[in-house]
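Contents: one structure, followed by commentary.
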Amino acid sequence: MITKQERQRIQTEFQEKMDYDELLNCMRCGFCLPSCPTYIESGYDEAHSPRGRIALMKAVVDGDIEPDDDVKRSLDMCLGCRACEPVCPSGVNYGHLLEQARDIIYQNHDLSATTKAIRNIAFKGLFPNQGRMRTMTGLLGFYQRSGLQKAARLTGIMKILPDNLATMEKVLPEVPSLKQLKNRPDHLPSLVPQKKKAAFFSGCLMDSMFMSTNDATMKLLQYAGCEIVIPDSQACCGALHGHSGEKQQAKELAKRNIIAFEDTGADYIITNAGGCGAFLHDYDHLLKDDPAWAERGKDFAAKIKDISSVLVELGFDELPLQLPDQVVTYQDSCHLKNVQKTFLEPRQLLHAIDGVQYVEMNDADRCCGSAGIYNIVESEMSMQILDYKMKQVETTQAKTIATANPGCLLQMKLGIEREGLSDTIRAVHIVDLLLEAYEYTRQPVGS
Amino acid sequence: MLNDKVKHELISIVGADNVQDSRASLLVYSYDATPQFQSMPDAVVAPRNTDEVAEVLKLCNEHHIPVVPRGSGTNLSAGTTPVEGGIVLLFKHMQDIVEIDEENLTVTVQPGLITLDLINAVEARGLFYPPDPSSMKISTMGGNLNENSGGLRGLKYGVTRDYVMGLEVVLPNGDIIHTGGKLAKDVAGYDLTRLFVGSEGTLGVITEATMKLVPMPETKKTILALYEDIEAAAEAVSSIIAHRIIPTTLEFLDRPTLKVVEEYAQIGLPTDIEAVLLIEQDGPQEVVDHDIEKIAALCRDNQAIRVDVAKSELEADALRTARRTALSALARLKPTTILEDATVPRSKIAEMVRAINDIAREYKVDICTFGHAGDGNLHPTCLTDVRNKEEIHRVEQAFEAIFHQAVELGGTITGEHGVGAMKSPYLHLKLGDEGIAAMKGIKQAFDPNNIMNPGKMFAKSERKRVVVHT
Ligand SMILES: Cc1cc2nc3c(=O)[nH]c(=O)nc-3n(C[C@H](O)[C@H](O)[C@H](O)COP(=O)(O)OP(=O)(O)OC[C@H]3O[C@@H](n4cnc5c(N)ncnc54)[C@H](O)[C@@H]3O)c2cc1C
Ligand code: SF4
Ligand code: SF4
């Protein structure tokens, strides 16, 4: 429950901080409604639509309603997938409005002890800290070691934690050993005549749980003609914080990253996680009111590129690539598509592989329901969205689902497991598939 | 606020999940796409079938509770703003295609069905449902019927009204009636079907509709004609029609509109000229080729500086999409966008465009104009800011002048957006007092307690736009 006092504080801060021009910019045309997964899955409830959420934010500013639990519920249910943005003819920047609103609510509302525990450990203890992240092995390990397990017993968290967590545990990739995790390169040469210099943003989840995908990404860059630098002092991108109402922390992380990458002299900063990429891409907005950082944020943001878009730019799709015959489909990463506007390139790369029959699934750009920690905190809606997604996958008869973001990858794996399809369908990160194709094409004859 | 007894009765009719009355849920049904109008309902009710609609209406009629039927709330005349409170009636459980009858070429639908879903479903069977409002991705058939919506293909194919064959309607007293049917000819009694089309939810609730389908046209072609002079473009429109060619689409965009549409859609529209006409013809190949050639020649005769024929369906579709997003793209320029749809006989287009420009200058307001020029249906769109009270006042004066001008030229105050609460103060311009009295008589006969969408269509007084906060 949000108390009366909290409601007043939140309302005042809404009035002080929300971007009223942007709220007014929404003309309520409703064009975004058909793109919003929560609107559709809630059975067409306007309170779970972008237009409804914007109207609620504006009404709080206008003093027409109080920011009560129902308002918070509406905002909590939002995936933050930003599918409402590219379809909005008025160009409303919904993502920024949501971030600001959530930040105000979470900074002023005393969360329940359990939610607080999860958030604290995740946001303050774990994600900002590469070192600590590296010592975590898997979500369950995290759960046990973080003290959460104890907290859980005390507060009865097990009752509210979704049953999908158990399934989740099954699909987690094999985590590399501590030693491997600590010995990360900080510089790699191009393996062909060099075309560009790239700095690699390794990402916390990617550089621990999905370390092999990071290695694959770097190999692809090397084959495509990039010298790579991997600044050791980089931090978490801050997306999870930013999207969950921990904006101040997100800003601190942004500054650390800007410092880490500023002097690398790289042509691009490469990411292989759509979620991180979009947030990095937004640093200019995040720091816009900080005169000392605004310009630096802009320069940083301008260099962010997803691996697939760099590979296409460097002509990787023109190299011979082959795989054993199979149907492949692609699940868009929401933020890669809706914020970074990268959606043609991954498809172009998949089309370039001989032996791959690419079949586009229906609604490939609809969120899979992973959405940061959404699949844990809003598991019911998340699973409903996932079930729809898996239906679309199954009609393509794909053997391989390619993804471009660790959250989506885990979610797709979860979907496969839930449907009992782990013997017939696999989910992979697109870079792993590309490396597989590159190496398969070049394997020694007869092997 | 509804009293507890009524609320419980509503719940017993539609189930607890389908009656909402939290502040947040009321707020999100307090508006539609019309700027400056907002007002809270007392409850939001989602019946699951016609019988439940009937029971809800009966209950509301007994207690004199206003009922505001609502599709997707995209209307532009404050037609679903609950200006007098009451319940908002949703059709989210009534979205099915009941039947596609390929022998009689009809489709029967529930009111909550999205227009585009209907179009896609019938096109999959090689059939054609022409009315295509720009909002078709989200507008519902209930909304289309009640606003008598038109679209880009309206010039040749007509509007929603021209496709309605039969309706199932629940009257305020709970009676369920059926009008028309799958018959090409039917003169048994008054034509109530037509009466309900465009009635804006003020007479009853449409719970099912049977719509006419036509065969898919064989082929189509799209051209774009560029003008350095708005009036030359308008004259080309008159000239094409006068030469007895009826294109499917004949759309007009002026320079400010072009610029924003291009910024938004990025399809290579020219932005350095004064106006373009987007013209489309469909039908058998030879007819299309012949008409397009002739249209292109007529455009050139009327001082077009360039005439481009879209080379592929992809290119043509990009042009159509661009036109569809015109209104919304304009919304990027200023915080508030007020869109009107004054309509004149098509022979008066040039005169009307000229008058709009003069009026904009006189009242010092920004007006961009685009619209269905072939139908004489223009969308003068004003870019302003609700917070600037002084400017808003001038905007209202300008629009009032535009309405007067349209009626003077033999036109009307609204071609397709409806009267709603927004234009009710101006209805007398078109109808006169006698016309309004006749319509009020009809309203009284169907809805003696005035529960159906009250505050719409007929103005209480000459009051202008209002913002209602409760
Ligand atoms: C960007 C934009 C572009 C548009 N383009 C066009 C266009 O090209 N052409 C055009 O004609 N209009 C256009 N419109 C206006 C609007 O989309 C149409 O009027 C549309 O038909 C409304 O559909 P809806 O489902 O949103 O209805 P709503 O707005 O929800 O309702 C419209 C009216 O219908 C009544 N109603 C709805 N369902 C029922 C029912 N079952 N029984 C009784 N009454 C009912 C409501 O009470 C209301 O009076 C546009 C609007 C926008 C925002
Ligand atoms: S599409 Fe944009 S302007 Fe239209 S309702 Fe959605 S957010 Fe508002
Ligand atoms: S971000 Fe996604 S879930 Fe949230 S309102 Fe936009 S489309 Fe809906």
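In the structure tokens, chains take the letters A, B, ... in the order shown, each chain's residues start at 1, and ligands count up from 1 in the order shown.
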Q: Excluding Ile295 in chain B and residues on its chain fewer than 2 positions from it, collect all residues at most 10 Å away from it, counting only C-alpha atoms, and give them as a list of chain:residue names.
A: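 Near neighbours after the sequence-gap exclusion: B:Ile223, B:Ala225, B:Ala236, B:Val237, B:Ser239, B:Ile240, B:Ile241, B:His243, B:Ile245, B:Ile246, B:Pro247, B:Ile279, B:Glu280, B:Gln281, B:Asp289, B:His290, B:Asp291, B:Ile292, B:Glu293, B:Ala297, B:Leu298, B:Cys299, B:Arg300, B:Asp301, B:Val307.
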Q. Any idea what's packed within 6 Å of range 17-26 of chain B, counting only C-alpha atoms, ignoring anything in its chain fewer than 2 positions away? Could you give it as a PyMOL selection string?
A. (chain A and resi 70-71) or (chain B and resi 14-15+28-29+41+43-46)
Q: Grab me every residue within 10 Å of ligand 3, counting only C-alpha atoms and all ligand atoms, and send it over as a PyMOL selection string.
A: chain A and resi 32-40+47-54+74-87+93-95+98+334-335+338+366-367+369+371
Q) Pick from B:Met141, B:Ile13, B:Ala33, B:Ile442: nearest to Leu116 in chain B, with only C-alpha atoms counted? A)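 Comparing B:Met141, B:Ile13, B:Ala33, B:Ile442 against Leu116 in chain B, the winner is B:Met141.
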Q: Could you give me the residues within range 127-376 of chain B that DSSP places in alpha helix (DSSP H), as a PyMOL selection string?
A: chain B and resi 141-147+154-157+192-196+230-242+255-265+285-301+313-324+326-330+349-363
What's the 12 Å shell around Glu62 in chain B, counting only C-alpha atoms, without same-chain residues fewer than 3 positions away, as an mmCIF file with N, CA and C atoms, in the first residue's frame?
```cif
data_model
loop_
_atom_site.group_PDB
_atom_site.id
_atom_site.type_symbol
_atom_site.label_atom_id
_atom_site.label_comp_id
_atom_site.auth_asym_id
_atom_site.auth_seq_id
_atom_site.Cartn_x
_atom_site.Cartn_y
_atom_site.Cartn_z
ATOM 1 N N VAL B 6 -27.043 -0.564 -7.462
ATOM 2 C CA VAL B 6 -26.881 -0.624 -8.910
ATOM 3 C C VAL B 6 -25.594 -1.367 -9.262
ATOM 4 N N GLU B 55 -29.682 -6.235 -20.656
ATOM 5 C CA GLU B 55 -29.976 -6.118 -19.219
ATOM 6 C C GLU B 55 -29.335 -4.874 -18.606
ATOM 7 N N VAL B 56 -28.114 -4.573 -19.078
ATOM 8 C CA VAL B 56 -27.435 -3.382 -18.556
ATOM 9 C C VAL B 56 -28.234 -2.131 -18.934
ATOM 10 N N LEU B 57 -28.692 -2.068 -20.189
ATOM 11 C CA LEU B 57 -29.442 -0.886 -20.613
ATOM 12 C C LEU B 57 -30.748 -0.746 -19.833
ATOM 13 N N LYS B 58 -31.415 -1.865 -19.638
ATOM 14 C CA LYS B 58 -32.674 -1.813 -18.903
ATOM 15 C C LYS B 58 -32.444 -1.241 -17.496
ATOM 16 N N LEU B 59 -31.398 -1.756 -16.887
ATOM 17 C CA LEU B 59 -31.079 -1.289 -15.526
ATOM 18 C C LEU B 59 -30.773 0.218 -15.528
ATOM 19 N N ILE B 65 -29.322 6.276 -15.579
ATOM 20 C CA ILE B 65 -27.857 6.372 -15.564
ATOM 21 C C ILE B 65 -27.346 6.491 -17.000
ATOM 22 N N PRO B 66 -26.558 7.520 -17.270
ATOM 23 C CA PRO B 66 -26.026 7.672 -18.631
ATOM 24 C C PRO B 66 -25.192 6.461 -19.061
ATOM 25 N N PRO B 172 -32.644 1.570 -25.553
ATOM 26 C CA PRO B 172 -32.482 1.922 -24.139
ATOM 27 C C PRO B 172 -33.429 1.173 -23.209
ATOM 28 N N ASN B 173 -34.603 0.773 -23.683
ATOM 29 C CA ASN B 173 -35.513 0.045 -22.793
ATOM 30 C C ASN B 173 -35.179 -1.440 -22.705
ATOM 31 N N GLY B 174 -34.116 -1.846 -23.379
ATOM 32 C CA GLY B 174 -33.701 -3.246 -23.297
ATOM 33 C C GLY B 174 -34.221 -4.095 -24.452
ATOM 34 N N ASP B 447 -35.242 7.259 -26.915
ATOM 35 C CA ASP B 447 -34.528 7.343 -25.640
ATOM 36 C C ASP B 447 -35.154 8.422 -24.754
ATOM 37 N N PRO B 448 -36.382 8.163 -24.307
ATOM 38 C CA PRO B 448 -37.112 9.217 -23.574
ATOM 39 C C PRO B 448 -36.389 9.679 -22.303
ATOM 40 N N ASN B 449 -35.595 8.804 -21.700
ATOM 41 C CA ASN B 449 -34.922 9.217 -20.462
ATOM 42 C C ASN B 449 -33.546 9.816 -20.717
ATOM 43 N N ASN B 450 -33.215 9.949 -21.980
ATOM 44 C CA ASN B 450 -31.926 10.528 -22.366
ATOM 45 C C ASN B 450 -30.744 9.879 -21.648
ATOM 46 N N ILE B 451 -30.709 8.536 -21.698
ATOM 47 C CA ILE B 451 -29.553 7.871 -21.071
ATOM 48 C C ILE B 451 -28.433 7.591 -22.081
#
```
Q: Could you pull out the residues sitting within 6 Å of ligand 1, using only C-alpha atoms and all ligand atoms, and write them as a ChimeraX atom specification?
A: /A:29 /B:33,68-76,79-80,111,133-135,139-140,142-144,146-147,149-151,200-201,204-207,327-328,416-417
Suppose we keep N, CA and C atoms; can you now write the selection as a CSV table (one decimal), in the first residue's frame?
```
chain,number,residue,atom,x,y,z
A,29,CYS,N,-4.3,9.4,-29.7
A,29,CYS,CA,-4.9,8.8,-31.0
A,29,CYS,C,-5.1,7.3,-30.9
B,33,ALA,N,-9.8,10.7,-28.4
B,33,ALA,CA,-8.7,11.4,-29.1
B,33,ALA,C,-9.0,12.9,-29.3
B,68,VAL,N,-22.4,5.4,-22.0
B,68,VAL,CA,-21.5,5.8,-23.1
B,68,VAL,C,-20.9,4.6,-23.8
B,69,PRO,N,-21.4,4.2,-24.9
B,69,PRO,CA,-20.7,3.1,-25.6
B,69,PRO,C,-19.4,3.5,-26.1
B,70,ARG,N,-18.4,2.6,-26.0
B,70,ARG,CA,-17.1,3.0,-26.4
B,70,ARG,C,-16.3,1.9,-27.2
B,71,GLY,N,-15.8,2.2,-28.3
B,71,GLY,CA,-15.0,1.3,-29.1
B,71,GLY,C,-13.6,1.4,-28.6
B,72,SER,N,-12.7,2.0,-29.5
B,72,SER,CA,-11.3,2.2,-29.0
B,72,SER,C,-11.1,3.7,-28.6
B,73,GLY,N,-12.1,4.5,-28.6
B,73,GLY,CA,-11.9,5.8,-28.1
B,73,GLY,C,-11.0,6.6,-29.0
B,74,THR,N,-11.1,6.5,-30.4
B,74,THR,CA,-10.3,7.3,-31.3
B,74,THR,C,-11.0,8.4,-32.0
B,75,ASN,N,-12.3,8.5,-31.6
B,75,ASN,CA,-13.1,9.6,-32.3
B,75,ASN,C,-12.5,10.9,-32.0
B,76,LEU,N,-12.8,11.9,-32.9
B,76,LEU,CA,-12.3,13.2,-32.7
B,76,LEU,C,-13.3,14.3,-32.5
B,79,GLY,N,-16.8,12.1,-28.7
B,79,GLY,CA,-18.0,11.3,-28.7
B,79,GLY,C,-18.1,10.3,-27.6
B,80,THR,N,-16.9,9.9,-27.0
B,80,THR,CA,-17.0,8.9,-25.9
B,80,THR,C,-16.5,9.6,-24.6
B,111,PRO,N,-19.5,-5.6,-32.5
B,111,PRO,CA,-19.1,-4.2,-32.6
B,111,PRO,C,-17.6,-4.0,-32.2
B,133,PRO,N,-10.7,3.9,-42.8
B,133,PRO,CA,-10.3,5.1,-42.0
B,133,PRO,C,-8.8,5.1,-41.7
B,134,SER,N,-8.1,6.2,-41.6
B,134,SER,CA,-6.7,6.2,-41.2
B,134,SER,C,-6.5,5.5,-39.9
B,135,SER,N,-7.5,5.4,-39.1
B,135,SER,CA,-7.3,4.8,-37.8
B,135,SER,C,-7.7,3.3,-37.8
B,139,SER,N,-9.4,1.4,-34.8
B,139,SER,CA,-10.8,1.7,-34.6
B,139,SER,C,-11.6,0.4,-34.7
B,140,THR,N,-12.8,0.5,-34.0
B,140,THR,CA,-13.7,-0.7,-34.0
B,140,THR,C,-14.8,-0.5,-35.0
B,142,GLY,N,-17.9,-0.9,-34.3
B,142,GLY,CA,-19.0,-0.1,-33.6
B,142,GLY,C,-18.7,1.3,-33.7
B,143,GLY,N,-17.5,1.7,-33.6
B,143,GLY,CA,-17.1,3.2,-33.8
B,143,GLY,C,-17.3,3.6,-35.2
B,144,ASN,N,-16.9,2.8,-36.1
B,144,ASN,CA,-17.0,3.2,-37.6
B,144,ASN,C,-18.5,3.4,-37.9
B,146,ASN,N,-21.0,4.1,-35.9
B,146,ASN,CA,-21.6,5.2,-35.2
B,146,ASN,C,-21.1,6.5,-35.6
B,147,GLU,N,-19.9,6.6,-36.2
B,147,GLU,CA,-19.5,7.8,-36.8
B,147,GLU,C,-19.6,7.9,-38.3
B,149,SER,N,-17.8,6.4,-40.5
B,149,SER,CA,-16.5,6.8,-40.9
B,149,SER,C,-16.2,6.5,-42.4
B,150,GLY,N,-15.3,7.4,-42.9
B,150,GLY,CA,-14.9,7.3,-44.3
B,150,GLY,C,-13.4,7.0,-44.3
B,151,GLY,N,-12.8,6.8,-45.5
B,151,GLY,CA,-11.4,6.6,-45.6
B,151,GLY,C,-10.8,7.0,-46.9
B,200,GLU,N,-23.9,8.0,-33.3
B,200,GLU,CA,-23.0,8.3,-32.3
B,200,GLU,C,-23.4,7.8,-30.9
B,201,GLY,N,-24.0,6.6,-30.9
B,201,GLY,CA,-24.3,6.0,-29.6
B,201,GLY,C,-25.4,6.7,-28.9
B,204,GLY,N,-29.1,3.9,-29.3
B,204,GLY,CA,-29.1,2.6,-28.9
B,204,GLY,C,-27.7,2.0,-29.0
B,205,VAL,N,-27.5,0.7,-28.7
B,205,VAL,CA,-26.2,0.1,-28.8
B,205,VAL,C,-26.3,-1.0,-29.9
B,206,ILE,N,-25.3,-0.8,-30.9
B,206,ILE,CA,-25.2,-1.8,-31.9
B,206,ILE,C,-24.5,-3.0,-31.4
B,207,THR,N,-25.1,-4.2,-31.5
B,207,THR,CA,-24.5,-5.4,-31.0
B,207,THR,C,-24.0,-6.4,-32.1
B,327,LEU,N,-2.3,13.4,-39.9
B,327,LEU,CA,-2.8,14.1,-38.7
B,327,LEU,C,-1.8,13.9,-37.6
B,328,SER,N,-1.4,12.7,-37.4
B,328,SER,CA,-0.6,12.4,-36.2
B,328,SER,C,0.8,13.0,-36.3
B,416,GLU,N,-17.0,13.5,-41.5
B,416,GLU,CA,-16.8,12.1,-41.0
B,416,GLU,C,-16.5,11.9,-39.6
B,417,HIS,N,-16.2,13.0,-38.9
B,417,HIS,CA,-15.7,12.8,-37.5
B,417,HIS,C,-16.9,12.9,-36.5
```
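Contacts from chain A to chain B at a cut-off of 8 Å (only C-alpha atoms) map to Asp21, Leu24, Asn25, Met27, Arg28, Cys29, Gly30, Phe31, Leu33, Pro34, Gly43, Tyr44, Glu46, Ala47, Gly52, Ala55, Leu56, Ala59, Asp64, Ile65, Asp70, Val71, Pro89, Ser90 and Gly91 of chain A.
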Selection file, N, CA, C and O atoms, as a tab-separated table (two decimals), in the first residue's frame:
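Once written, again13.tsv looks like this:
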```tsv
chain	number	residue	atom	x	y	z
A	21	ASP	N	5.67	18.71	-21.29
A	21	ASP	CA	5.57	18.84	-22.75
A	21	ASP	C	5.40	17.47	-23.40
A	21	ASP	O	4.62	17.29	-24.33
A	24	LEU	N	1.97	16.12	-22.80
A	24	LEU	CA	1.00	16.78	-23.69
A	24	LEU	C	1.16	16.33	-25.13
A	24	LEU	O	0.23	16.37	-25.92
A	25	ASN	N	2.37	15.93	-25.46
A	25	ASN	CA	2.66	15.49	-26.82
A	25	ASN	C	1.80	14.29	-27.23
A	25	ASN	O	1.53	14.07	-28.40
A	27	MET	N	-1.31	12.71	-28.15
A	27	MET	CA	-2.60	13.24	-28.60
A	27	MET	C	-3.73	12.23	-28.41
A	27	MET	O	-4.84	12.46	-28.84
A	28	ARG	N	-3.41	11.11	-27.79
A	28	ARG	CA	-4.42	10.10	-27.45
A	28	ARG	C	-5.08	9.48	-28.67
A	28	ARG	O	-6.25	9.11	-28.64
A	29	CYS	N	-4.31	9.39	-29.73
A	29	CYS	CA	-4.86	8.83	-30.97
A	29	CYS	C	-5.08	7.33	-30.86
A	29	CYS	O	-5.84	6.75	-31.62
A	30	GLY	N	-4.36	6.68	-29.93
A	30	GLY	CA	-4.56	5.25	-29.76
A	30	GLY	C	-3.79	4.38	-30.74
A	30	GLY	O	-3.93	3.17	-30.72
A	31	PHE	N	-2.96	4.98	-31.58
A	31	PHE	CA	-2.23	4.19	-32.58
A	31	PHE	C	-1.27	3.18	-31.94
A	31	PHE	O	-0.89	2.21	-32.56
A	33	LEU	N	-1.89	1.36	-29.28
A	33	LEU	CA	-2.57	0.28	-28.57
A	33	LEU	C	-2.32	-1.11	-29.16
A	33	LEU	O	-1.99	-2.05	-28.43
A	34	PRO	N	-2.47	-1.28	-30.48
A	34	PRO	CA	-2.30	-2.64	-31.01
A	34	PRO	C	-0.87	-3.19	-30.88
A	34	PRO	O	-0.67	-4.38	-31.06
A	43	GLY	N	-6.48	-8.38	-22.08
A	43	GLY	CA	-7.84	-8.38	-22.63
A	43	GLY	C	-8.31	-6.98	-22.96
A	43	GLY	O	-9.44	-6.61	-22.70
A	44	TYR	N	-7.41	-6.17	-23.50
A	44	TYR	CA	-7.73	-4.82	-23.97
A	44	TYR	C	-8.17	-3.89	-22.85
A	44	TYR	O	-9.20	-3.24	-22.93
A	46	GLU	N	-7.50	-0.58	-21.07
A	46	GLU	CA	-6.83	0.69	-21.36
A	46	GLU	C	-5.81	1.06	-20.26
A	46	GLU	O	-4.80	1.70	-20.54
A	47	ALA	N	-6.06	0.62	-19.03
A	47	ALA	CA	-5.12	0.94	-17.95
A	47	ALA	C	-3.77	0.27	-18.18
A	47	ALA	O	-2.76	0.67	-17.62
A	52	GLY	N	-3.14	4.79	-21.90
A	52	GLY	CA	-3.68	4.84	-20.55
A	52	GLY	C	-2.62	5.23	-19.53
A	52	GLY	O	-2.86	6.02	-18.62
A	55	ALA	N	-1.86	8.82	-19.79
A	55	ALA	CA	-2.97	9.59	-19.23
A	55	ALA	C	-2.93	9.58	-17.70
A	55	ALA	O	-3.21	10.60	-17.05
A	56	LEU	N	-2.56	8.43	-17.13
A	56	LEU	CA	-2.47	8.35	-15.67
A	56	LEU	C	-1.36	9.24	-15.15
A	56	LEU	O	-1.53	9.96	-14.17
A	59	ALA	N	-2.54	12.72	-15.36
A	59	ALA	CA	-3.59	13.00	-14.38
A	59	ALA	C	-3.00	13.21	-12.99
A	59	ALA	O	-3.50	14.00	-12.20
A	64	ASP	N	-5.67	15.36	-11.01
A	64	ASP	CA	-6.98	14.74	-11.20
A	64	ASP	C	-7.14	13.44	-10.42
A	64	ASP	O	-8.24	13.06	-10.05
A	65	ILE	N	-6.02	12.72	-10.25
A	65	ILE	CA	-6.07	11.54	-9.39
A	65	ILE	C	-4.81	11.46	-8.55
A	65	ILE	O	-3.81	12.12	-8.86
A	70	ASP	N	-3.40	1.51	-7.74
A	70	ASP	CA	-3.80	1.14	-9.10
A	70	ASP	C	-2.94	1.82	-10.15
A	70	ASP	O	-2.65	1.25	-11.20
A	71	VAL	N	-2.57	3.05	-9.86
A	71	VAL	CA	-1.69	3.76	-10.80
A	71	VAL	C	-0.33	3.05	-10.84
A	71	VAL	O	0.22	2.77	-11.90
A	89	PRO	N	2.88	8.18	-33.97
A	89	PRO	CA	3.09	9.23	-34.96
A	89	PRO	C	3.53	10.55	-34.33
A	89	PRO	O	4.19	11.34	-34.98
A	90	SER	N	3.17	10.78	-33.10
A	90	SER	CA	3.57	12.03	-32.47
A	90	SER	C	4.97	11.97	-31.90
A	90	SER	O	5.47	12.95	-31.35
A	91	GLY	N	5.60	10.82	-31.97
A	91	GLY	CA	6.96	10.70	-31.48
A	91	GLY	C	7.08	10.82	-29.96
A	91	GLY	O	8.08	11.32	-29.44
```
Q | Exercise: Ile401 in chain A partners within 8 Å, only C-alpha atoms, chain neighbours under 2 positions left out, as a ChimeraX atom specification | A | /A:328-331,393,398-399,403,412,425-428
Output the selection as an mmCIF file, in the first residue's frame - N, CA and C atoms for each residue.
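result01.cif was written with the following content:
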```cif
data_model
loop_
_atom_site.group_PDB
_atom_site.id
_atom_site.type_symbol
_atom_site.label_atom_id
_atom_site.label_comp_id
_atom_site.auth_asym_id
_atom_site.auth_seq_id
_atom_site.Cartn_x
_atom_site.Cartn_y
_atom_site.Cartn_z
ATOM 1 N N VAL A 328 15.502 -21.471 -39.293
ATOM 2 C CA VAL A 328 15.867 -20.558 -38.211
ATOM 3 C C VAL A 328 14.860 -19.425 -38.173
ATOM 4 N N THR A 329 14.488 -19.033 -36.956
ATOM 5 C CA THR A 329 13.647 -17.844 -36.825
ATOM 6 C C THR A 329 14.331 -16.875 -35.869
ATOM 7 N N TYR A 330 13.871 -15.629 -35.854
ATOM 8 C CA TYR A 330 14.556 -14.623 -35.047
ATOM 9 C C TYR A 330 13.558 -13.921 -34.153
ATOM 10 N N GLN A 331 13.912 -13.796 -32.882
ATOM 11 C CA GLN A 331 13.101 -13.041 -31.932
ATOM 12 C C GLN A 331 13.780 -11.697 -31.729
ATOM 13 N N VAL A 393 6.425 -19.366 -32.476
ATOM 14 C CA VAL A 393 7.650 -20.087 -32.820
ATOM 15 C C VAL A 393 7.290 -21.430 -33.436
ATOM 16 N N ALA A 398 10.635 -23.897 -36.697
ATOM 17 C CA ALA A 398 12.067 -23.615 -36.593
ATOM 18 C C ALA A 398 12.741 -24.602 -35.658
ATOM 19 N N LYS A 399 13.995 -24.880 -35.979
ATOM 20 C CA LYS A 399 14.805 -25.719 -35.128
ATOM 21 C C LYS A 399 15.655 -24.823 -34.218
ATOM 22 N N THR A 403 18.441 -15.034 -31.015
ATOM 23 C CA THR A 403 18.063 -13.863 -30.227
ATOM 24 C C THR A 403 19.244 -12.902 -30.177
ATOM 25 N N MET A 412 13.534 -17.377 -23.991
ATOM 26 C CA MET A 412 13.203 -18.331 -25.047
ATOM 27 C C MET A 412 13.543 -19.756 -24.598
ATOM 28 N N ILE A 425 13.953 -28.034 -30.324
ATOM 29 C CA ILE A 425 14.235 -26.628 -30.621
ATOM 30 C C ILE A 425 15.353 -26.127 -29.708
ATOM 31 N N ARG A 426 16.223 -25.297 -30.252
ATOM 32 C CA ARG A 426 17.218 -24.671 -29.388
ATOM 33 C C ARG A 426 17.130 -23.164 -29.542
ATOM 34 N N ALA A 427 17.509 -22.457 -28.486
ATOM 35 C CA ALA A 427 17.591 -20.998 -28.568
ATOM 36 C C ALA A 427 19.057 -20.618 -28.448
ATOM 37 N N VAL A 428 19.507 -19.736 -29.316
ATOM 38 C CA VAL A 428 20.913 -19.321 -29.286
ATOM 39 C C VAL A 428 21.012 -17.824 -29.451
#
```
